[in-house]
Amino acid sequence: MSIGIDPVRPGWRHSIAQVLCGGLTVLGVLVADVKGIAAQQPPDVPQPAARVLDSLERAAEDARNPRRLEAVGKIAFEFGNPRSRGLMVTLPGVVDRLARVYQQARSDDRLMRSYIVKAVAVQAEQRDAAAFLANVAREPATRPPSAERSHPMVAHSSTSIQLYAVGGLEGLGDEGVAALRELYRAGSVVEPKAKAYLAASAKRDFRLPPL
């Protein structure tokens, strides 16, 4: 499935507004057969928006889709991020969708998984986001395959996914602090860089470092 909408263009945001108001279909490009979608819709998600999210989730889970990162970005930043540009759209269940895509991705797909972790860290559903990031922080490190290491988004970064998760928890307020305290108390973080950062975070009471 190919998604042909630039997520930063005003036309996308306008089309989302139309969908949520019960108007036009989103340009006809996100229409998909969603009969097999297993996701449970929260009761307060408008059905037109749910259909768009279903289509995006399917696109993000399709390993053959070259624009799957774009689909993840639209789920996260058009529907779940409270600081999105333009129309403010925050719907429940976005973190659950991102978590499902994360689990569907290969364990060594660092490009996709790191993008999802960073996106979850800025979601409105902070309790769900904190639970997801804490689970990621507990995972052992994986090395991406050689072909993926050549990707510019991977090759020039030595940051582990687990470190992204620990750092993301610091920005989630009290929910994040509680998760970090438990990770530190239990010694659950094993990836070396994330473990070292967690220890440094403990020294400042698990709060973001001063600018």
# chains A, B, ... in the order shown; residues from 1 in each chain; ligands from 1
>>> residues_around(residues="Leu53 (chain A)", least_positions_apart="3", cutoff="9 Å", atoms="only C-alpha atoms", output="PyMOL selection string")
chain A and resi 48-50+56-58+74-75+79+94+97
>>> residues_around(residues="Ala60 (chain A)", least_positions_apart="5", cutoff="8 Å", atoms="only C-alpha atoms", output="list in words")
Asn65, Arg67, Arg68, Leu69, Glu70, Ala71, Val72 and Val101 of chain A
>>> atom_distance(atom1="CA of Val122 (chain A)", atom2="CA of Gly168 (chain A)")
7.9 Å
>>> residues_around(residues="Leu183 (chain A)", least_positions_apart="5", cutoff="8 Å", atoms="only C-alpha atoms", output="compact mmCIF listing (two decimals) with C-alpha atoms, in the first residue's frame")
# COMPACT_ATOMS: atom_id res chain seq x y z
CA ALA A 134 9.40 1.01 30.30
CA ARG A 138 13.92 -3.61 29.64
CA SER A 188 15.63 -4.02 34.90
CA VAL A 189 17.64 -2.08 32.32
>>> closest_residue(among="A:Glu61, A:Asp128, A:Glu170, A:Glu191", to="Arg113 (chain A)", atoms="only C-alpha atoms")
A:Glu61
>>> atom_distance(atom1="CA of Gly176 (chain A)", atom2="CA of Asp54 (chain A)")
28.1 Å
>>> atom_distance(atom1="CA of Ala63 (chain A)", atom2="CA of Arg100 (chain A)")
13.7 Å
